[in-house]
Amino acid sequence: MMGKPLTESKQRMKQNSEAEFKKSNNETTKVDKTEEFYAALPTLEIIFYAGFLVWAYGTIIYRFCLLSYKREADLLKYGYIDEGWSILNKGQDSDFEWSYWRARVIKPLFMGSLVAYVIFSRAVEIFIPKQREMCIATACIAFLFTTYDWKVIAFMLLQTVFTFMISRTRRKTIVWLFAVSQMVLFNVEYLEENILDPIFEHKNVEDVTFLSALCLLKFVSFTLECCDMKNIPTCPDTGRKQDTFYDLFVYNFYFPQFLIGPIHVYPKWRADMNKPVNAWDSQKYWQCFWEGLHYLGWMFFVEFALHYSYHPSLGYDPITLKRASFAETAGYAMCCLLYFQMKYLSIYGFPRILCLLDGVDSPKPPMCIHAMYTFKDMWRYFDRGLHEFLMRYIYIPMGGSKAGILRQQAASISCFSLVCFWHGSKNHLIIWAATNWLGLTLETIVEVVVKATLSGRIPSWVSGAMKRRCIAIFRGVMYLGLVPSNMYFLTGTTMGTLVAKKVLLSDNPLHPFLSFCFFYCITQLLLEVYHSWGRRHICNKNYYYLGRESQRAKLH
């Protein structure tokens with residue numbers, strides 16, 4: 001008697017989970033009505049906000065560039081920065097991720113492999129489209145042997161074989177134990193020094209650590225899908241289940257997304273690969289060309305800006321920043337945040353172009369850092385592939401928002417814990433994850449309380465513009481909290497604390513007030529953009545050529 005109701009309850013829970021997952025990831029239909037249709041503000045007020053931001057931006061960026069110029073000679077002397085473009089006659093800064101990606105992209109062998117892959121893939125689509133996946137696997141093998149040392153290749157292949165063996169158990173507990181053990185191996189310094197260092201040289205250790213971290217999430221995606229036979233995609237031609245070692249190999253070593261991402265969950269990647277190859281479409285290639293120019297332009301801008309802003313290296317010089325003024329510290333923080341977004345715009349953008357040429361809808365690059373004024377938007381729209389991974393494999397299976405506040409918080413804490421441990425679980429990462437969880441929880445509680453207590457009770461004499469100003473005050477406060485939280489992630493505990501003290505906790509009350517005014521004005525201008533073009537248009541990056549066309553196709 002109890003079996004049937006229990007089964008129906010599980011089915012309803014599964015349906016609710018699937019509906020929530022689709023709702024959270026179906027970016028083409030998700031519209032936040034409460035923020036998209038705010039009343040317009042007076043034109044003079046908007047002009048005032050824009051003028052204040054131009055003055056503030058110009059001041060803090062200029063002051064920090066002057067500070068970088070003063071420290072340039074010492075940074076060059078001690079090897080913190082390198083000689084830059086000869087035409088500028090200045091030093092050039094960088095960080096590990098940008099240097100790692102740039103060092104491989106500018107190699108003639110890599111560029112040749114890239115061009116050869118594009119030509120080879122298009123020829124396969126024209127002459128032998130049914131063998132496309134086999135040819136992609138061949139290209140993956142060629143790329144590995146022309147780019148990495150044989151020890152790195154052997155390790156990655158061994159890891160892939162072991163992952164496939166784990167997938168045959170079809171037990172989620174074993175999958176997660178395997179994932180956690182992998183993170184322990186690469187994040188515990190003692191194990192790294194005593195296991196990896198004796199086997200690999202220093203350069204190869206970097207390759208193994210970096211590539212394994214990216215591949216680990218793909219391994220988890222593949223193996224968890226194998227735990228539920230109903231979720232495993234089937235080949236459209238033969239009807240076989242696509243959970244073989246061959247499928248794992250092609251998914252893991254897929255050339256465009258292997259080097260640096262982004263994360264693409266297995267069901268969506270496989271669904272795109274199973275689509276029939278489209279005929280030659282000149283419009284698609286022109287769109288890819290223009291979108292590629294967009295990413296190329298930002299890449300050159302980042303390279304150019306790193307000749308004048310030395311924020312990566314000055315992050316290791318707390319003495320200089322302790323002596324820096326409020327404007328210089330604010331400029332340092334803003335340069336770090338903008339660089340973080342523009343860096344991943346290029347790093348995720350170029351693989352996306354190759355994927356789109358192959359018919360694979362790779363996750364879009366991050367939104368502008370100033371378009372994400374809430375903790376929720378930061379997690380949803382910065383690394384979209386990682387957000388989808390967390391939602392699909394952790395948040396929704398643990399209940400999500402449909403199973404009560406306790407299970408929702410447990411799911412949220414689990415997501416932040418995994419991301420923290422995956423990045424390295426250092427002290428500053430723990431602070432970053434904890435403050436992000438706290439900010440996200442606070443946002444959710446305030447929104448629920450406000451909707452429950454004020455819905456339909458706001459006096460009629462309160463204008464829409466006044467409502468918008470009140471909302472912008474709250475959003476500006478939360479936006480201000482995002483800065484020190486993300487600075488912990490980007491610069492470490494020492495620099496994150498220093499920025500928080502100078503920007504938010506300064507002895508001079510004018511400093512936190514100016515910081516709030518800065519983010520309040522950004523919030524108001526962003527709401528004006530939402531009012532004019534719509535939140536969906538900005539969040540989905542529909543101003544991109546391919547994004548706009550794919551949006552139209554899905555809507556029609």
# chains A, B, ... in the order shown; residues from 1 in each chain; ligands from 1
>>> residues_around(residues="Ala472 (chain A)", least_positions_apart="4", cutoff="8 Å", atoms="only C-alpha atoms", output="PyMOL selection string")
chain A and resi 468+476+520+523-524
>>> atom_distance(atom1="CA of Phe255 (chain A)", atom2="CA of Leu418 (chain A)")
26.1 Å
>>> residues_around(residues="Leu514 (chain A)", least_positions_apart="5", cutoff="10 Å", atoms="only C-alpha atoms", output="PDB file with all heavy atoms, in the first residue's frame")
ATOM      1  N   ALA A  56      34.938  58.903 -11.579  1.00  0.00           N
ATOM      2  CA  ALA A  56      35.493  57.943 -10.622  1.00  0.00           C
ATOM      3  C   ALA A  56      36.403  56.947 -11.324  1.00  0.00           C
ATOM      4  O   ALA A  56      37.521  56.662 -10.858  1.00  0.00           O
ATOM      5  CB  ALA A  56      34.355  57.222  -9.898  1.00  0.00           C
ATOM      6  N   VAL A 503      38.705  49.958   1.465  1.00  0.00           N
ATOM      7  CA  VAL A 503      37.527  50.328   0.685  1.00  0.00           C
ATOM      8  C   VAL A 503      36.272  50.365   1.544  1.00  0.00           C
ATOM      9  O   VAL A 503      35.431  51.259   1.398  1.00  0.00           O
ATOM     10  CB  VAL A 503      37.346  49.348  -0.496  1.00  0.00           C
ATOM     11  CG1 VAL A 503      36.033  49.606  -1.226  1.00  0.00           C
ATOM     12  CG2 VAL A 503      38.507  49.478  -1.464  1.00  0.00           C
ATOM     13  N   LEU A 504      36.128  49.406   2.469  1.00  0.00           N
ATOM     14  CA  LEU A 504      34.895  49.292   3.253  1.00  0.00           C
ATOM     15  C   LEU A 504      35.047  49.696   4.706  1.00  0.00           C
ATOM     16  O   LEU A 504      34.101  50.220   5.305  1.00  0.00           O
ATOM     17  CB  LEU A 504      34.378  47.849   3.197  1.00  0.00           C
ATOM     18  CG  LEU A 504      33.999  47.300   1.825  1.00  0.00           C
ATOM     19  CD1 LEU A 504      33.514  45.865   1.952  1.00  0.00           C
ATOM     20  CD2 LEU A 504      32.923  48.156   1.172  1.00  0.00           C
ATOM     21  N   PRO A 509      35.319  57.950   7.000  1.00  0.00           N
ATOM     22  CA  PRO A 509      33.972  57.527   6.565  1.00  0.00           C
ATOM     23  C   PRO A 509      33.655  57.914   5.126  1.00  0.00           C
ATOM     24  O   PRO A 509      32.727  57.355   4.534  1.00  0.00           O
ATOM     25  CB  PRO A 509      33.044  58.246   7.548  1.00  0.00           C
ATOM     26  CG  PRO A 509      33.843  59.402   8.062  1.00  0.00           C
ATOM     27  CD  PRO A 509      35.264  58.951   8.084  1.00  0.00           C
ATOM     28  N   PHE A 519      29.162  52.029  -6.675  1.00  0.00           N
ATOM     29  CA  PHE A 519      28.422  50.828  -7.065  1.00  0.00           C
ATOM     30  C   PHE A 519      26.922  51.098  -7.172  1.00  0.00           C
ATOM     31  O   PHE A 519      26.222  50.413  -7.928  1.00  0.00           O
ATOM     32  CB  PHE A 519      28.709  49.697  -6.082  1.00  0.00           C
ATOM     33  CG  PHE A 519      30.096  49.151  -6.220  1.00  0.00           C
ATOM     34  CD1 PHE A 519      31.087  49.484  -5.307  1.00  0.00           C
ATOM     35  CD2 PHE A 519      30.426  48.336  -7.285  1.00  0.00           C
ATOM     36  CE1 PHE A 519      32.376  48.993  -5.441  1.00  0.00           C
ATOM     37  CE2 PHE A 519      31.711  47.849  -7.439  1.00  0.00           C
ATOM     38  CZ  PHE A 519      32.692  48.172  -6.516  1.00  0.00           C
ATOM     39  N   TYR A 520      26.415  52.081  -6.438  1.00  0.00           N
ATOM     40  CA  TYR A 520      25.021  52.477  -6.599  1.00  0.00           C
ATOM     41  C   TYR A 520      24.799  53.035  -8.003  1.00  0.00           C
ATOM     42  O   TYR A 520      23.791  52.707  -8.663  1.00  0.00           O
ATOM     43  CB  TYR A 520      24.648  53.523  -5.546  1.00  0.00           C
ATOM     44  CG  TYR A 520      23.274  54.120  -5.741  1.00  0.00           C
ATOM     45  CD1 TYR A 520      22.139  53.459  -5.307  1.00  0.00           C
ATOM     46  CD2 TYR A 520      23.128  55.359  -6.375  1.00  0.00           C
ATOM     47  CE1 TYR A 520      20.877  54.007  -5.495  1.00  0.00           C
ATOM     48  CE2 TYR A 520      21.875  55.911  -6.571  1.00  0.00           C
ATOM     49  CZ  TYR A 520      20.752  55.235  -6.128  1.00  0.00           C
ATOM     50  OH  TYR A 520      19.506  55.777  -6.318  1.00  0.00           O
TER      51      TYR A 520
END
>>> closest_residue(among="A:Ser313, A:Ser325, A:Gln159, A:Ser346", to="Trp101 (chain A)", atoms="only C-alpha atoms")
A:Ser346
>>> atom_distance(atom1="CA of Pro129 (chain A)", atom2="CA of Val277 (chain A)")
6.4 Å
>>> select_by_dssp(residues="region 463-549 of chain A", states="helix (DSSP H, G or I)", output="number ranges by chain")
A: 464-491, 493-503, 510-533, 535-539, 545-549
>>> residues_around(residues="Ala213 (chain A)", least_positions_apart="3", cutoff="8 Å", atoms="only C-alpha atoms", output="list in words")
Met183, Thr209, Phe210, Leu216, Leu217 and Trp422 of chain A
>>> closest_residue(among="A:Phe64, A:Phe253, A:Phe143, A:Trp298", to="Met334 (chain A)", atoms="only C-alpha atoms")
A:Phe64
>>> closest_residue(among="A:Leu306, A:Leu498, A:Ala411, A:Cys335", to="Leu88 (chain A)", atoms="only C-alpha atoms")
A:Leu306
>>> residues_around(residues="region 347-358 of chain A", least_positions_apart="3", cutoff="8 Å", atoms="only C-alpha atoms", output="mmCIF file with C-alpha atoms, in the first residue's frame")
data_model
loop_
_atom_site.group_PDB
_atom_site.id
_atom_site.type_symbol
_atom_site.label_atom_id
_atom_site.label_comp_id
_atom_site.auth_asym_id
_atom_site.auth_seq_id
_atom_site.Cartn_x
_atom_site.Cartn_y
_atom_site.Cartn_z
ATOM 1 C CA TRP A 101 47.339 30.090 -22.278
ATOM 2 C CA VAL A 118 39.678 23.914 -38.779
ATOM 3 C CA SER A 121 37.086 19.410 -39.755
ATOM 4 C CA PRO A 256 38.695 22.990 -28.708
ATOM 5 C CA GLN A 257 37.816 22.505 -25.021
ATOM 6 C CA ILE A 260 41.588 25.430 -20.898
ATOM 7 C CA GLY A 261 37.831 24.771 -21.004
ATOM 8 C CA PRO A 262 35.096 25.801 -20.563
ATOM 9 C CA TYR A 285 31.176 31.427 -41.016
ATOM 10 C CA CYS A 288 32.050 33.186 -36.471
ATOM 11 C CA GLU A 291 32.606 37.037 -33.148
ATOM 12 C CA GLY A 292 36.236 35.889 -33.392
ATOM 13 C CA TYR A 295 37.499 38.062 -28.832
ATOM 14 C CA LYS A 343 40.865 37.290 -19.475
ATOM 15 C CA TYR A 344 38.180 34.622 -19.443
ATOM 16 C CA ASP A 361 27.089 25.034 -28.553
ATOM 17 C CA SER A 362 29.857 25.701 -26.050
ATOM 18 C CA PRO A 363 28.936 27.731 -22.930
ATOM 19 C CA LYS A 364 29.135 31.451 -23.581
ATOM 20 C CA PRO A 365 31.933 33.577 -22.109
#
>>> closest_atom_pairs(of="region 325-409 of chain A", to="region 525-534 of chain A", cutoff="12 Å", atoms="only C-alpha atoms", output="tab-separated table")
residue	atom	partner	partner_atom	distance
A:Cys368	CA	A:Leu526	CA	10.9
A:Ile369	CA	A:Leu526	CA	11.3
A:His370	CA	A:Leu526	CA	8.0
A:Ala371	CA	A:Leu526	CA	6.5
A:Met372	CA	A:Leu526	CA	9.0
A:Tyr373	CA	A:Leu526	CA	8.8
A:Thr374	CA	A:Leu526	CA	11.9
>>> closest_residue(among="A:Trp379, A:Tyr117, A:Phe421, A:Phe164", to="Tyr254 (chain A)", atoms="only C-alpha atoms")
A:Tyr117
>>> residues_around(residues="Thr59 (chain A)", least_positions_apart="3", cutoff="12 Å", atoms="only C-alpha atoms", output="JSON, numbers by chain")
{"A": [52, 53, 54, 55, 56, 62, 63, 64, 65, 66, 325, 326, 327, 328, 329, 330, 331, 332, 334]}
>>> write_last_selection(atoms="N, CA and C atoms", output="tab-separated table (two decimals), in the first residue's frame")
chain	number	residue	atom	x	y	z
A	52	PHE	N	29.37	60.82	-12.90
A	52	PHE	CA	30.09	60.43	-11.68
A	52	PHE	C	30.96	59.21	-11.94
A	53	LEU	N	30.43	58.23	-12.69
A	53	LEU	CA	31.20	57.01	-12.96
A	53	LEU	C	32.40	57.31	-13.86
A	54	VAL	N	32.22	58.17	-14.85
A	54	VAL	CA	33.34	58.54	-15.72
A	54	VAL	C	34.44	59.20	-14.90
A	55	TRP	N	34.05	60.11	-14.02
A	55	TRP	CA	35.05	60.77	-13.17
A	55	TRP	C	35.72	59.77	-12.23
A	56	ALA	N	34.94	58.90	-11.58
A	56	ALA	CA	35.49	57.94	-10.62
A	56	ALA	C	36.40	56.95	-11.32
A	62	TYR	N	43.63	55.94	-13.44
A	62	TYR	CA	44.79	56.78	-13.69
A	62	TYR	C	45.76	56.74	-12.51
A	63	ARG	N	45.23	56.83	-11.30
A	63	ARG	CA	46.09	56.83	-10.11
A	63	ARG	C	46.81	55.49	-9.96
A	64	PHE	N	46.13	54.40	-10.25
A	64	PHE	CA	46.81	53.11	-10.12
A	64	PHE	C	47.85	52.91	-11.23
A	65	CYS	N	47.58	53.38	-12.43
A	65	CYS	CA	48.57	53.29	-13.49
A	65	CYS	C	49.82	54.10	-13.15
A	66	LEU	N	49.63	55.25	-12.49
A	66	LEU	CA	50.78	56.02	-12.02
A	66	LEU	C	51.58	55.23	-10.98
A	325	SER	N	47.15	55.15	-1.58
A	325	SER	CA	45.99	55.94	-1.19
A	325	SER	C	44.70	55.16	-1.45
A	326	PHE	N	43.60	55.74	-1.04
A	326	PHE	CA	42.30	55.10	-1.28
A	326	PHE	C	42.04	54.94	-2.77
A	327	ALA	N	42.31	55.98	-3.57
A	327	ALA	CA	42.07	55.92	-5.01
A	327	ALA	C	42.95	54.87	-5.67
A	328	GLU	N	44.22	54.77	-5.25
A	328	GLU	CA	45.12	53.78	-5.83
A	328	GLU	C	44.68	52.37	-5.48
A	329	THR	N	44.23	52.15	-4.25
A	329	THR	CA	43.75	50.83	-3.85
A	329	THR	C	42.48	50.47	-4.60
A	330	ALA	N	41.56	51.43	-4.74
A	330	ALA	CA	40.34	51.18	-5.50
A	330	ALA	C	40.66	50.86	-6.96
A	331	GLY	N	41.64	51.57	-7.53
A	331	GLY	CA	42.06	51.28	-8.90
A	331	GLY	C	42.65	49.90	-9.03
A	332	TYR	N	43.43	49.50	-8.02
A	332	TYR	CA	44.00	48.15	-8.02
A	332	TYR	C	42.90	47.09	-8.03
A	334	MET	N	39.75	47.41	-8.97
A	334	MET	CA	38.97	47.44	-10.20
A	334	MET	C	39.74	46.83	-11.36
>>> closest_residue(among="A:Pro267, A:Pro512, A:Gly315, A:Gly464", to="Tyr80 (chain A)", atoms="only C-alpha atoms")
A:Gly315
>>> residues_around(residues="Thr163 (chain A)", least_positions_apart="6", cutoff="9 Å", atoms="only C-alpha atoms", output="PyMOL selection string")
chain A and resi 175+178+219-220+222-223+248
>>> write_last_selection(atoms="all heavy atoms", output="short mmCIF file (atom, residue, chain, number, x, y, z; two decimals), in the first residue's frame")
data_model
loop_
_atom_site.label_atom_id
_atom_site.label_comp_id
_atom_site.auth_asym_id
_atom_site.auth_seq_id
_atom_site.Cartn_x
_atom_site.Cartn_y
_atom_site.Cartn_z
N VAL A 175 31.90 7.16 -7.54
CA VAL A 175 32.30 8.25 -8.43
C VAL A 175 32.80 9.45 -7.62
O VAL A 175 33.86 10.01 -7.91
CB VAL A 175 31.12 8.67 -9.33
CG1 VAL A 175 31.46 9.94 -10.11
CG2 VAL A 175 30.77 7.55 -10.30
N PHE A 178 36.11 8.82 -5.93
CA PHE A 178 37.18 8.95 -6.91
C PHE A 178 37.51 10.41 -7.17
O PHE A 178 38.68 10.81 -7.23
CB PHE A 178 36.75 8.25 -8.21
CG PHE A 178 37.59 8.60 -9.40
CD1 PHE A 178 38.89 8.14 -9.51
CD2 PHE A 178 37.08 9.41 -10.41
CE1 PHE A 178 39.67 8.46 -10.61
CE2 PHE A 178 37.85 9.73 -11.51
CZ PHE A 178 39.15 9.26 -11.61
N PHE A 219 35.19 14.06 -16.25
CA PHE A 219 35.11 12.67 -15.81
C PHE A 219 33.89 12.46 -14.91
O PHE A 219 33.17 11.47 -15.04
CB PHE A 219 36.38 12.29 -15.04
CG PHE A 219 37.60 12.19 -15.91
CD1 PHE A 219 38.87 12.40 -15.36
CD2 PHE A 219 37.51 11.91 -17.25
CE1 PHE A 219 40.00 12.31 -16.15
CE2 PHE A 219 38.64 11.82 -18.06
CZ PHE A 219 39.89 12.02 -17.50
N VAL A 220 33.68 13.39 -13.99
CA VAL A 220 32.54 13.28 -13.08
C VAL A 220 31.23 13.35 -13.87
O VAL A 220 30.29 12.58 -13.60
CB VAL A 220 32.59 14.39 -12.01
CG1 VAL A 220 31.30 14.40 -11.19
CG2 VAL A 220 33.79 14.17 -11.09
N PHE A 222 30.65 12.50 -17.01
CA PHE A 222 30.44 11.27 -17.77
C PHE A 222 30.05 10.10 -16.86
O PHE A 222 29.09 9.37 -17.14
CB PHE A 222 31.73 10.92 -18.53
CG PHE A 222 31.64 9.65 -19.34
CD1 PHE A 222 31.14 9.68 -20.63
CD2 PHE A 222 32.05 8.43 -18.82
CE1 PHE A 222 31.05 8.52 -21.39
CE2 PHE A 222 31.97 7.27 -19.56
CZ PHE A 222 31.47 7.32 -20.85
N THR A 223 30.77 9.93 -15.77
CA THR A 223 30.52 8.77 -14.90
C THR A 223 29.17 8.88 -14.17
O THR A 223 28.48 7.88 -14.00
CB THR A 223 31.65 8.63 -13.86
OG1 THR A 223 31.86 9.89 -13.21
CG2 THR A 223 32.93 8.20 -14.53
N LEU A 248 34.02 8.39 -24.00
CA LEU A 248 34.73 9.13 -22.95
C LEU A 248 35.99 9.78 -23.50
O LEU A 248 36.31 10.93 -23.19
CB LEU A 248 35.07 8.21 -21.79
CG LEU A 248 35.94 8.81 -20.67
CD1 LEU A 248 35.23 10.00 -20.02
CD2 LEU A 248 36.28 7.76 -19.62
#
>>> atom_distance(atom1="CA of Ser515 (chain A)", atom2="CA of Cys470 (chain A)")
17.4 Å
>>> closest_atom_pairs(of="region 190-307 of chain A", to="region 153-156 of chain A", cutoff="9 Å", atoms="only C-alpha atoms", output="Markdown table")
| residue | atom | partner | partner_atom | distance |
| --- | --- | --- | --- | --- |
| A:Val208 | CA | A:Met156 | CA | 7.7 |
| A:Leu211 | CA | A:Met156 | CA | 8.3 |
| A:Ser212 | CA | A:Met156 | CA | 7.4 |
| A:Cys215 | CA | A:Met156 | CA | 8.8 |
>>> write_last_selection(atoms="C-alpha atoms", output="compact mmCIF listing (two decimals), in the first residue's frame")
# COMPACT_ATOMS: atom_id res chain seq x y z
CA VAL A 208 49.33 17.63 -15.34
CA LEU A 211 44.73 19.63 -17.28
CA SER A 212 43.68 17.14 -14.60
CA CYS A 215 39.32 16.91 -17.03
>>> closest_residue(among="A:Glu133, A:Asp383, A:Glu125, A:Asp377", to="His264 (chain A)", atoms="only C-alpha atoms")
A:Asp383
